[in-house]
$ cat entry-v7.cif   # mmCIF, C-alpha atoms
data_input
#
loop_
_atom_site.group_PDB
_atom_site.id
_atom_site.type_symbol
_atom_site.label_atom_id
_atom_site.label_comp_id
_atom_site.auth_asym_id
_atom_site.auth_seq_id
_atom_site.Cartn_x
_atom_site.Cartn_y
_atom_site.Cartn_z
ATOM 1 C CA MET A 1 0.000 0.000 0.000
ATOM 2 C CA ALA A 2 1.280 3.471 -0.832
ATOM 3 C CA GLN A 3 2.101 6.007 1.831
ATOM 4 C CA PRO A 4 -0.557 8.663 2.507
ATOM 5 C CA HIS A 5 0.064 11.942 0.740
ATOM 6 C CA PRO A 6 2.274 14.302 2.755
ATOM 7 C CA VAL A 7 0.473 16.924 4.838
ATOM 8 C CA SER A 8 1.103 20.418 3.535
ATOM 9 C CA ALA A 9 -0.255 23.893 4.228
ATOM 10 C CA GLU A 10 -1.850 24.085 0.779
ATOM 11 C CA PRO A 11 -4.583 21.546 0.112
ATOM 12 C CA LEU A 12 -3.828 19.299 -2.844
ATOM 13 C CA LEU A 13 -5.761 19.942 -6.018
ATOM 14 C CA ASP A 14 -8.062 17.235 -7.343
ATOM 15 C CA PRO A 15 -5.641 16.020 -10.048
ATOM 16 C CA ALA A 16 -2.937 15.509 -7.401
ATOM 17 C CA LEU A 17 -5.383 13.566 -5.213
ATOM 18 C CA ILE A 18 -6.443 11.481 -8.189
ATOM 19 C CA ALA A 19 -2.815 10.673 -8.986
ATOM 20 C CA ALA A 20 -2.224 9.774 -5.339
ATOM 21 C CA TRP A 21 -5.269 7.476 -5.335
ATOM 22 C CA GLN A 22 -4.027 5.790 -8.499
ATOM 23 C CA ARG A 23 -0.759 5.087 -6.684
ATOM 24 C CA GLY A 24 -2.823 3.389 -3.963
ATOM 25 C CA ASP A 25 -3.289 6.211 -1.453
ATOM 26 C CA GLU A 26 -6.628 5.521 0.265
ATOM 27 C CA GLN A 27 -6.478 8.791 2.172
ATOM 28 C CA ALA A 28 -6.535 10.647 -1.134
ATOM 29 C CA ALA A 29 -9.720 8.796 -2.066
ATOM 30 C CA ALA A 30 -11.297 9.738 1.276
ATOM 31 C CA GLU A 31 -10.274 13.362 0.706
ATOM 32 C CA LEU A 32 -11.948 13.399 -2.718
ATOM 33 C CA VAL A 33 -15.132 11.956 -1.205
ATOM 34 C CA GLY A 34 -15.063 14.606 1.514
ATOM 35 C CA ARG A 35 -14.689 17.405 -1.024
ATOM 36 C CA HIS A 36 -17.418 16.398 -3.421
ATOM 37 C CA ALA A 37 -19.968 14.265 -1.553
ATOM 38 C CA ARG A 38 -22.288 17.122 -0.581
ATOM 39 C CA ALA A 39 -22.327 18.664 -4.062
ATOM 40 C CA LEU A 40 -23.065 15.208 -5.439
ATOM 41 C CA ALA A 41 -25.917 14.734 -2.936
ATOM 42 C CA ARG A 42 -27.419 18.100 -3.934
ATOM 43 C CA PHE A 43 -27.194 17.184 -7.606
ATOM 44 C CA LEU A 44 -28.743 13.754 -7.028
ATOM 45 C CA ALA A 45 -31.539 15.238 -4.915
ATOM 46 C CA GLY A 46 -32.234 17.792 -7.633
ATOM 47 C CA ALA A 47 -32.325 15.025 -10.212
ATOM 48 C CA GLY A 48 -34.970 13.182 -8.181
ATOM 49 C CA ALA A 49 -32.990 10.791 -5.993
ATOM 50 C CA PRO A 50 -35.043 9.383 -3.103
ATOM 51 C CA GLU A 51 -33.607 10.767 0.113
ATOM 52 C CA ALA A 52 -33.771 7.384 1.796
ATOM 53 C CA ASP A 53 -31.329 6.042 -0.812
ATOM 54 C CA MET A 54 -29.046 9.076 -0.893
ATOM 55 C CA ASP A 55 -26.182 7.530 1.061
ATOM 56 C CA ASP A 56 -26.138 4.423 -1.148
ATOM 57 C CA LEU A 57 -26.328 6.492 -4.334
ATOM 58 C CA VAL A 58 -23.471 8.752 -3.269
ATOM 59 C CA GLN A 59 -21.325 5.749 -2.327
ATOM 60 C CA GLU A 60 -22.103 3.925 -5.567
ATOM 61 C CA THR A 61 -21.245 7.018 -7.622
ATOM 62 C CA PHE A 62 -17.842 7.348 -5.953
ATOM 63 C CA ILE A 63 -17.153 3.631 -6.339
ATOM 64 C CA ARG A 64 -17.910 3.802 -10.065
ATOM 65 C CA ALA A 65 -15.845 6.955 -10.431
ATOM 66 C CA PHE A 66 -12.786 5.484 -8.693
ATOM 67 C CA ARG A 67 -13.048 2.265 -10.670
ATOM 68 C CA SER A 68 -13.210 4.076 -13.980
ATOM 69 C CA MET A 69 -10.636 6.719 -13.095
ATOM 70 C CA ASP A 70 -8.473 5.474 -16.000
ATOM 71 C CA ARG A 71 -11.028 7.015 -18.352
ATOM 72 C CA PHE A 72 -10.893 10.432 -16.707
ATOM 73 C CA ARG A 73 -8.462 12.447 -18.826
ATOM 74 C CA GLY A 74 -8.933 15.821 -17.191
ATOM 75 C CA GLN A 75 -11.238 16.947 -20.013
ATOM 76 C CA CYS A 76 -13.350 18.679 -17.335
ATOM 77 C CA GLN A 77 -13.234 19.147 -13.573
ATOM 78 C CA PHE A 78 -13.406 16.013 -11.463
ATOM 79 C CA ARG A 79 -16.616 17.242 -9.851
ATOM 80 C CA THR A 80 -18.415 17.732 -13.178
ATOM 81 C CA TRP A 81 -17.335 14.279 -14.292
ATOM 82 C CA LEU A 82 -18.443 12.819 -10.962
ATOM 83 C CA LEU A 83 -21.888 14.411 -11.249
ATOM 84 C CA THR A 84 -22.435 12.942 -14.709
ATOM 85 C CA ILE A 85 -21.568 9.515 -13.271
ATOM 86 C CA GLY A 86 -24.074 10.264 -10.507
ATOM 87 C CA GLY A 87 -26.684 10.842 -13.224
ATOM 88 C CA ASN A 88 -25.964 7.370 -14.646
ATOM 89 C CA VAL A 89 -26.101 5.763 -11.200
ATOM 90 C CA LEU A 90 -29.447 7.435 -10.544
ATOM 91 C CA LYS A 91 -30.791 6.259 -13.895
ATOM 92 C CA ASP A 92 -29.804 2.649 -13.112
ATOM 93 C CA HIS A 93 -31.274 2.980 -9.640
ATOM 94 C CA GLY A 94 -34.508 4.292 -11.130
ATOM 95 C CA ARG A 95 -34.741 1.258 -13.388
ATOM 96 C CA ARG A 96 -34.240 -1.094 -10.473
ATOM 97 C CA ALA A 97 -36.690 0.733 -8.230
ATOM 98 C CA SER A 98 -39.346 0.909 -10.985
ATOM 99 C CA ARG A 99 -38.987 4.643 -11.148
ATOM 100 C CA ARG A 100 -39.846 5.162 -7.507
ATOM 101 C CA LYS A 101 -39.930 8.893 -6.823
ATOM 102 C CA VAL A 102 -39.670 10.561 -3.464
ATOM 103 C CA MET A 103 -40.153 14.276 -3.243
ATOM 104 C CA PRO A 104 -38.760 15.962 -0.145
ATOM 105 C CA LEU A 105 -41.989 17.872 0.417
ATOM 106 C CA ASP A 106 -41.740 17.827 4.194
ATOM 107 C CA GLU A 107 -38.157 19.011 4.549
ATOM 108 C CA GLY A 108 -39.278 22.420 5.758
ATOM 109 C CA VAL A 109 -41.438 20.870 8.400
ATOM 110 C CA ARG A 110 -38.503 18.884 9.742
ATOM 111 C CA ASP A 111 -36.241 21.926 9.753
ATOM 112 C CA GLY A 112 -36.930 23.953 12.884
ATOM 113 C CA ARG A 113 -34.810 26.982 11.933
ATOM 114 C CA GLY A 114 -36.254 30.262 10.611
ATOM 115 C CA ASP A 115 -39.777 31.483 10.041
ATOM 116 C CA PRO A 116 -41.959 28.405 9.569
ATOM 117 C CA HIS A 117 -44.157 30.151 7.002
ATOM 118 C CA GLN A 118 -41.223 31.342 4.866
ATOM 119 C CA LEU A 119 -39.559 27.986 5.167
ATOM 120 C CA ALA A 120 -42.717 26.219 4.090
ATOM 121 C CA GLU A 121 -43.022 28.504 1.044
ATOM 122 C CA ALA A 122 -39.390 27.937 0.125
ATOM 123 C CA ARG A 123 -39.750 24.175 0.455
ATOM 124 C CA GLU A 124 -42.900 24.272 -1.641
ATOM 125 C CA ALA A 125 -41.080 26.140 -4.413
ATOM 126 C CA GLU A 126 -38.254 23.599 -4.273
ATOM 127 C CA ALA A 127 -40.726 20.737 -4.453
ATOM 128 C CA ARG A 128 -42.387 22.329 -7.498
ATOM 129 C CA LEU A 129 -39.030 22.751 -9.192
ATOM 130 C CA ALA A 130 -38.059 19.176 -8.335
ATOM 131 C CA ALA A 131 -41.344 17.960 -9.797
ATOM 132 C CA GLY A 132 -40.835 20.132 -12.884
ATOM 133 C CA LEU A 133 -37.338 18.730 -13.351
ATOM 134 C CA GLN A 134 -38.778 15.226 -13.397
ATOM 135 C CA GLY A 135 -40.814 16.256 -16.419
ATOM 136 C CA LEU A 136 -37.692 17.148 -18.412
ATOM 137 C CA PRO A 137 -35.644 14.856 -20.618
ATOM 138 C CA ARG A 138 -32.599 13.617 -18.703
ATOM 139 C CA LEU A 139 -30.054 15.652 -20.653
ATOM 140 C CA GLN A 140 -31.981 18.897 -20.185
ATOM 141 C CA ARG A 141 -32.408 18.154 -16.480
ATOM 142 C CA GLU A 142 -28.704 17.480 -15.968
ATOM 143 C CA VAL A 143 -27.581 20.493 -17.977
ATOM 144 C CA PHE A 144 -29.981 22.700 -16.000
ATOM 145 C CA LEU A 145 -28.722 21.380 -12.661
ATOM 146 C CA LEU A 146 -25.058 21.643 -13.666
ATOM 147 C CA ARG A 147 -25.629 25.234 -14.748
ATOM 148 C CA ALA A 148 -28.213 26.597 -12.303
ATOM 149 C CA GLN A 149 -27.525 24.531 -9.199
ATOM 150 C CA GLN A 150 -23.791 23.835 -9.495
ATOM 151 C CA GLY A 151 -22.840 27.015 -11.370
ATOM 152 C CA PHE A 152 -20.698 25.451 -14.122
ATOM 153 C CA GLU A 153 -19.938 27.235 -17.392
ATOM 154 C CA TYR A 154 -21.280 25.837 -20.664
ATOM 155 C CA GLU A 155 -17.759 24.848 -21.782
ATOM 156 C CA GLU A 156 -17.309 22.764 -18.648
ATOM 157 C CA ILE A 157 -20.748 21.157 -18.966
ATOM 158 C CA ALA A 158 -20.133 20.383 -22.625
ATOM 159 C CA ALA A 159 -16.792 18.718 -21.839
ATOM 160 C CA ALA A 160 -18.380 16.529 -19.163
ATOM 161 C CA LEU A 161 -21.311 15.495 -21.335
ATOM 162 C CA ALA A 162 -19.224 15.068 -24.519
ATOM 163 C CA THR A 163 -21.174 17.690 -26.407
ATOM 164 C CA THR A 164 -20.567 21.251 -27.589
ATOM 165 C CA PRO A 165 -21.029 24.429 -25.521
ATOM 166 C CA GLY A 166 -23.648 25.549 -28.049
ATOM 167 C CA ALA A 167 -25.626 22.350 -27.602
ATOM 168 C CA ALA A 168 -25.349 22.638 -23.806
ATOM 169 C CA ARG A 169 -26.689 26.199 -24.028
ATOM 170 C CA VAL A 170 -29.619 25.035 -26.154
ATOM 171 C CA HIS A 171 -30.434 22.241 -23.678
ATOM 172 C CA TYR A 172 -30.322 24.732 -20.826
ATOM 173 C CA HIS A 173 -32.645 27.189 -22.539
ATOM 174 C CA HIS A 174 -35.087 24.431 -23.466
ATOM 175 C CA ALA A 175 -35.035 23.311 -19.829
ATOM 176 C CA VAL A 176 -35.711 26.815 -18.497
ATOM 177 C CA LYS A 177 -38.501 27.375 -21.002
ATOM 178 C CA ARG A 178 -40.124 24.059 -20.128
ATOM 179 C CA LEU A 179 -39.742 24.642 -16.369
ATOM 180 C CA LYS A 180 -41.384 28.028 -16.699
ATOM 181 C CA GLU A 181 -44.248 26.399 -18.583
ATOM 182 C CA LEU A 182 -44.542 23.701 -15.933
ATOM 183 C CA ILE A 183 -44.200 25.796 -12.806
ATOM 184 C CA GLY A 184 -43.746 29.383 -14.011
ATOM 185 C CA GLY A 185 -47.035 30.710 -12.733
ATOM 186 C CA GLU A 186 -46.254 29.519 -9.237
ATOM 187 C CA LEU A 187 -42.631 30.677 -8.942
ATOM 188 C CA MET B 1 -36.652 39.469 -9.172
ATOM 189 C CA ASN B 2 -37.249 37.913 -12.600
ATOM 190 C CA ASP B 3 -38.218 34.312 -13.199
ATOM 191 C CA ASP B 4 -34.732 33.233 -14.358
ATOM 192 C CA THR B 5 -33.045 34.537 -11.196
ATOM 193 C CA ARG B 6 -35.748 33.038 -9.015
ATOM 194 C CA LEU B 7 -35.373 29.707 -10.822
ATOM 195 C CA HIS B 8 -31.617 29.786 -10.177
ATOM 196 C CA ASP B 9 -32.149 30.626 -6.496
ATOM 197 C CA ILE B 10 -34.519 27.735 -6.014
ATOM 198 C CA ALA B 11 -32.224 25.405 -7.948
ATOM 199 C CA LYS B 12 -29.287 26.378 -5.710
ATOM 200 C CA ARG B 13 -31.302 25.445 -2.620
ATOM 201 C CA LEU B 14 -32.534 22.214 -4.148
ATOM 202 C CA GLY B 15 -31.155 19.240 -2.248
ATOM 203 C CA ALA B 16 -29.334 21.406 0.274
ATOM 204 C CA GLN B 17 -30.978 19.656 3.185
ATOM 205 C CA ALA B 18 -30.254 16.204 1.787
ATOM 206 C CA ALA B 19 -26.620 17.242 1.412
ATOM 207 C CA GLU B 20 -26.491 18.560 4.980
ATOM 208 C CA ARG B 21 -27.873 15.330 6.342
ATOM 209 C CA LEU B 22 -25.252 13.263 4.535
ATOM 210 C CA ASP B 23 -22.592 11.943 6.898
ATOM 211 C CA VAL B 24 -19.573 12.683 4.732
ATOM 212 C CA ASP B 25 -16.979 11.002 6.960
ATOM 213 C CA LYS B 26 -19.032 7.848 7.159
ATOM 214 C CA THR B 27 -19.528 7.880 3.388
ATOM 215 C CA ALA B 28 -15.785 8.338 2.806
ATOM 216 C CA ARG B 29 -14.960 5.437 5.131
ATOM 217 C CA ALA B 30 -17.544 3.225 3.425
ATOM 218 C CA VAL B 31 -16.228 4.088 -0.050
ATOM 219 C CA VAL B 32 -12.620 3.362 0.907
ATOM 220 C CA GLU B 33 -13.698 0.097 2.541
ATOM 221 C CA ARG B 34 -15.613 -1.015 -0.543
ATOM 222 C CA LEU B 35 -12.715 -0.116 -2.831
ATOM 223 C CA ARG B 36 -10.397 -2.134 -0.617
ATOM 224 C CA GLU B 37 -12.735 -5.150 -0.595
ATOM 225 C CA GLN B 38 -13.506 -5.177 -4.337
ATOM 226 C CA PRO B 39 -10.479 -3.778 -6.129
ATOM 227 C CA ALA B 40 -10.460 -6.215 -9.033
ATOM 228 C CA ALA B 41 -13.410 -4.892 -10.990
ATOM 229 C CA ARG B 42 -11.375 -2.153 -12.641
ATOM 230 C CA PRO B 43 -10.147 -3.879 -15.838
ATOM 231 C CA SER B 44 -13.552 -5.375 -16.680
ATOM 232 C CA TRP B 45 -13.705 -3.316 -19.870
ATOM 233 C CA VAL B 46 -10.733 -5.164 -21.379
ATOM 234 C CA PRO B 47 -12.511 -8.460 -22.152
ATOM 235 C CA ALA B 48 -15.510 -6.498 -23.400
ATOM 236 C CA ALA B 49 -13.292 -4.552 -25.777
ATOM 237 C CA TRP B 50 -11.660 -7.726 -27.072
ATOM 238 C CA LEU B 51 -15.079 -9.290 -27.558
ATOM 239 C CA ARG B 52 -16.152 -6.281 -29.612
ATOM 240 C CA ILE B 53 -13.022 -6.483 -31.745
ATOM 241 C CA ALA B 54 -13.500 -10.240 -32.276
ATOM 242 C CA ALA B 55 -17.159 -9.703 -33.237
ATOM 243 C CA ALA B 56 -16.152 -6.979 -35.713
ATOM 244 C CA LEU B 57 -13.570 -9.283 -37.304
ATOM 245 C CA VAL B 58 -16.094 -12.115 -37.639
ATOM 246 C CA ILE B 59 -18.594 -9.752 -39.271
ATOM 247 C CA LEU B 60 -15.937 -8.447 -41.673
ATOM 248 C CA ALA B 61 -14.781 -11.945 -42.615
ATOM 249 C CA GLY B 62 -18.364 -13.142 -43.073
ATOM 250 C CA GLY B 63 -19.211 -10.119 -45.205
ATOM 251 C CA ALA B 64 -16.148 -10.610 -47.381
ATOM 252 C CA LEU B 65 -16.973 -14.290 -47.862
ATOM 253 C CA LEU B 66 -20.579 -13.501 -48.757
ATOM 254 C CA ALA B 67 -19.526 -10.761 -51.188
ATOM 255 C CA ARG B 68 -17.093 -13.160 -52.834
ATOM 256 C CA GLN B 69 -19.788 -15.789 -53.251
ATOM 257 C CA LEU B 70 -22.324 -13.331 -54.645
ATOM 258 C CA THR B 71 -19.903 -11.711 -57.109
ATOM 259 C CA PRO B 72 -19.449 -13.725 -60.340
ATOM 260 C CA SER B 73 -15.780 -14.592 -60.431
ATOM 261 C CA ARG B 74 -13.830 -14.328 -63.654
ATOM 262 C CA ASP B 75 -10.693 -15.557 -62.014
ATOM 263 C CA GLU B 76 -11.722 -19.208 -62.254
ATOM 264 C CA GLY B 77 -12.111 -19.018 -66.081
ATOM 265 C CA HIS B 78 -8.753 -17.348 -66.350
ATOM 266 C CA ALA B 79 -7.227 -19.964 -64.138
ATOM 267 C CA VAL B 80 -8.578 -22.843 -66.308
ATOM 268 C CA ALA B 81 -7.473 -21.171 -69.532
ATOM 269 C CA HIS B 82 -4.107 -20.566 -68.053
ATOM 270 C CA LEU B 83 -3.747 -24.207 -67.078
ATOM 271 C CA VAL B 84 -4.787 -25.497 -70.569
ATOM 272 C CA THR B 85 -2.283 -23.282 -72.349
ATOM 273 C CA ASP B 86 0.380 -24.341 -69.898
ATOM 274 C CA ASP B 87 -0.385 -27.985 -70.709
ATOM 275 C CA LEU B 88 -0.298 -27.394 -74.456
ATOM 276 C CA ARG B 89 2.967 -25.517 -74.257
ATOM 277 C CA ASP B 90 4.699 -28.631 -72.966
ATOM 278 C CA LEU B 91 3.511 -30.851 -75.876
ATOM 279 C CA SER B 92 5.583 -31.697 -78.943
ATOM 280 C CA ALA B 93 4.268 -31.218 -82.520
ATOM 281 C CA ASP B 94 3.297 -34.895 -82.793
ATOM 282 C CA GLN B 95 1.514 -34.828 -79.519
ATOM 283 C CA LEU B 96 -0.384 -31.684 -80.567
ATOM 284 C CA ARG B 97 -1.465 -33.372 -83.803
ATOM 285 C CA GLN B 98 -2.707 -36.328 -81.780
ATOM 286 C CA VAL B 99 -4.724 -34.049 -79.519
ATOM 287 C CA LEU B 100 -6.347 -32.363 -82.530
ATOM 288 C CA ASN B 101 -7.260 -35.705 -84.055
ATOM 289 C CA THR B 102 -8.787 -36.820 -80.765
ATOM 290 C CA LEU B 103 -10.746 -33.564 -80.626
ATOM 291 C CA ASP B 104 -12.083 -34.144 -84.188
ATOM 292 C CA GLU B 105 -13.154 -37.630 -83.280
ATOM 293 C CA THR B 106 -14.864 -36.396 -80.158
ATOM 294 C CA LEU B 107 -16.769 -33.714 -82.063
ATOM 295 C CA GLU B 108 -17.725 -36.179 -84.782
ATOM 296 C CA SER B 109 -19.078 -38.706 -82.296
ATOM 297 C CA GLY B 110 -20.928 -35.954 -80.415
ATOM 298 C CA ARG B 111 -23.199 -35.072 -83.363
ATOM 299 C CA THR B 112 -26.782 -36.144 -82.704
ATOM 300 C CA ALA B 113 -27.923 -36.378 -86.337
ATOM 301 C CA PRO B 114 -26.075 -36.734 -89.599
ATOM 302 C CA SER B 115 -25.814 -33.520 -91.586
ATOM 303 C CA ASP B 116 -27.428 -35.031 -94.692
ATOM 304 C CA SER B 117 -30.556 -36.291 -92.925
ATOM 305 C CA THR B 118 -33.916 -34.982 -94.197
ATOM 306 C CA LEU B 119 -37.404 -34.653 -92.781
ATOM 307 C CA ASP B 120 -38.325 -37.915 -94.457
ATOM 308 C CA ASP B 121 -35.973 -39.718 -92.109
ATOM 309 C CA LEU B 122 -37.853 -38.506 -89.047
ATOM 310 C CA ASP B 123 -40.594 -40.537 -87.436
ATOM 311 C CA GLU B 124 -43.956 -39.101 -86.305
ATOM 312 C CA GLN B 125 -42.807 -38.294 -82.768
ATOM 313 C CA LEU B 126 -39.711 -36.347 -83.940
ATOM 314 C CA LEU B 127 -41.780 -34.450 -86.521
ATOM 315 C CA ARG B 128 -44.203 -33.347 -83.823
ATOM 316 C CA ALA B 129 -41.284 -32.147 -81.674
ATOM 317 C CA VAL B 130 -39.843 -30.158 -84.603
ATOM 318 C CA LEU B 131 -43.239 -28.513 -85.286
ATOM 319 C CA ARG B 132 -43.639 -27.636 -81.615
ATOM 320 C CA SER B 133 -40.215 -26.019 -81.540
ATOM 321 C CA LEU B 134 -41.071 -23.987 -84.647
ATOM 322 C CA GLU B 135 -44.216 -22.670 -82.931
ATOM 323 C CA GLY B 136 -41.944 -21.311 -80.221
#
$ encode --input "entry-v7.cif" --output "structure tokens"
Amino acid sequence: MAQPHPVSAEPLLDPALIAAWQRGDEQAAAELVGRHARALARFLAGAGAPEADMDDLVQETFIRAFRSMDRFRGQCQFRTWLLTIGGNVLKDHGRRASRRKVMPLDEGVRDGRGDPHQLAEAREAEARLAAGLQGLPRLQREVFLLRAQQGFEYEEIAAALATTPGAARVHYHHAVKRLKELIGGEL
Amino acid sequence: MNDDTRLHDIAKRLGAQAAERLDVDKTARAVVERLREQPAARPSWVPAAWLRIAAALVILAGGALLARQLTPSRDEGHAVAHLVTDDLRDLSADQLRQVLNTLDETLESGRTAPSDSTLDDLDEQLLRAVLRSLEG
């Protein structure tokens, strides 16, 4: 087993952690999970992942990512690549679970912080958006989430999804238009 | 606030609670543990790739064979002609004369009716056959 990466003042960048993992450094793998797990969970939740299965889905996505790390050529950021793998994991999970959908409609109720009324309204808007996203084709949904939720540029999204920035932009605009049609009046 | 900005704001909040509830340390430990327990699955694409290549080769070979069978080949005729001329080239003048005589005899014996035969020589059945053939 390789030695853990040396502790330094500056945190290692993702490519350095990936290289360390490929040399057998398990700590580097744990560090990558720590950096990206929450963003992945947000993406999966936005894409319709049942909350009860979130932990399994996040784990499975990282396992697939680490096992296919040979195919990651740095064409995009590790996180973008990871999220697209998460999309595939969720799709497979959906097939197995007969497209079971769980909407986190009661999240606001469980959260005791802030004004209950405002929280309830916010959660309702999120639930409507989540429901609207389920009505989109998968590519549009993922492009929308990568852009609006994760804040990636079109070039980055295009590199992760093996398409062009122009096509990514078109998918995003179709998604926004459709979402406005689906939930626009209630935004 | 316009709809686009509002949409972005809601999208940014989407899944935030699910992410907060995720136990990241536990997930990291579980991932590392699973990678340690099942490390051998990584090169699984290699046999699949070889299978694809083998399938492509079989399809190519099959296609080539089929195309060869469907295309009328002139090579065989050339090959036969080539062999006959090769055989003749090795023969002496006497041997060539003998071959020609044999050929004449063969042609002579292969004739079905003598050239000087007339309609009177034909019986009723043959005459009917001739008339039928004339009608087309």
$ resolve_selection --input "entry-v7.cif" --expression "the PyMOL selection byres ((chain B) within 6 of (chain A))" --output "list in words"
His8, Ile10, Ala11, Lys12, Leu14, Gly15, Ala16, Ala19, Val24, Ala28, Val31 and Arg42 of chain B
$ closest_residue --input "entry-v7.cif" --among "A:Tyr154, A:Leu161, A:Ala16, A:Val143" --to "Ala175 of chain A" --atoms "all atoms listed in the file"
A:Val143
$ atom_distance --input "entry-v7.cif" --atom1 "atom CA of Gly94 of chain A" --atom2 "atom CA of Gln134 of chain A"
12.0 Å
$ closest_residue --input "entry-v7.cif" --among "A:Leu13, A:Ala168, A:Ile18, A:Leu82" --to "Arg141 of chain A" --atoms "all atoms listed in the file"
A:Ala168
$ atom_distance --input "entry-v7.cif" --atom1 "atom CA of Gly135 of chain A" --atom2 "atom CA of Arg13 of chain B"
19.1 Å
$ atom_distance --input "entry-v7.cif" --atom1 "atom CA of Val32 of chain B" --atom2 "atom CA of Glu156 of chain A"
27.9 Å
$ closest_residue --input "entry-v7.cif" --among "A:Ala162, A:Leu139, A:His171, A:Asp53" --to "Trp81 of chain A" --atoms "all atoms listed in the file"
A:Ala162
$ build_atoms --input "entry-v7.cif" --residues "segment 28-40 of chain B" --atoms "N, CA and C atoms" --output "compact mmCIF listing (two decimals), in the frame of the given file"
# COMPACT_ATOMS: atom_id res chain seq x y z
N ALA B 28 -17.18 8.50 3.25
CA ALA B 28 -15.78 8.34 2.81
C ALA B 28 -15.21 7.01 3.30
N ARG B 29 -15.47 6.71 4.58
CA ARG B 29 -14.96 5.44 5.13
C ARG B 29 -15.56 4.24 4.37
N ALA B 30 -16.86 4.34 4.11
CA ALA B 30 -17.54 3.22 3.42
C ALA B 30 -17.00 3.04 2.01
N VAL B 31 -16.75 4.16 1.33
CA VAL B 31 -16.23 4.09 -0.05
C VAL B 31 -14.84 3.45 -0.04
N VAL B 32 -13.99 3.91 0.84
CA VAL B 32 -12.62 3.36 0.91
C VAL B 32 -12.66 1.87 1.24
N GLU B 33 -13.55 1.51 2.16
CA GLU B 33 -13.70 0.10 2.54
C GLU B 33 -14.13 -0.75 1.35
N ARG B 34 -15.11 -0.26 0.62
CA ARG B 34 -15.61 -1.01 -0.54
C ARG B 34 -14.55 -1.12 -1.63
N LEU B 35 -13.79 -0.07 -1.82
CA LEU B 35 -12.72 -0.12 -2.83
C LEU B 35 -11.65 -1.13 -2.43
N ARG B 36 -11.41 -1.21 -1.13
CA ARG B 36 -10.40 -2.13 -0.62
C ARG B 36 -10.88 -3.59 -0.78
N GLU B 37 -12.18 -3.79 -0.54
CA GLU B 37 -12.74 -5.15 -0.60
C GLU B 37 -12.91 -5.66 -2.02
N GLN B 38 -13.24 -4.74 -2.95
CA GLN B 38 -13.51 -5.18 -4.34
C GLN B 38 -12.63 -4.39 -5.30
N PRO B 39 -11.33 -4.59 -5.26
CA PRO B 39 -10.48 -3.78 -6.13
C PRO B 39 -10.33 -4.32 -7.54
N ALA B 40 -10.80 -5.55 -7.77
CA ALA B 40 -10.46 -6.22 -9.03
C ALA B 40 -11.39 -5.89 -10.18
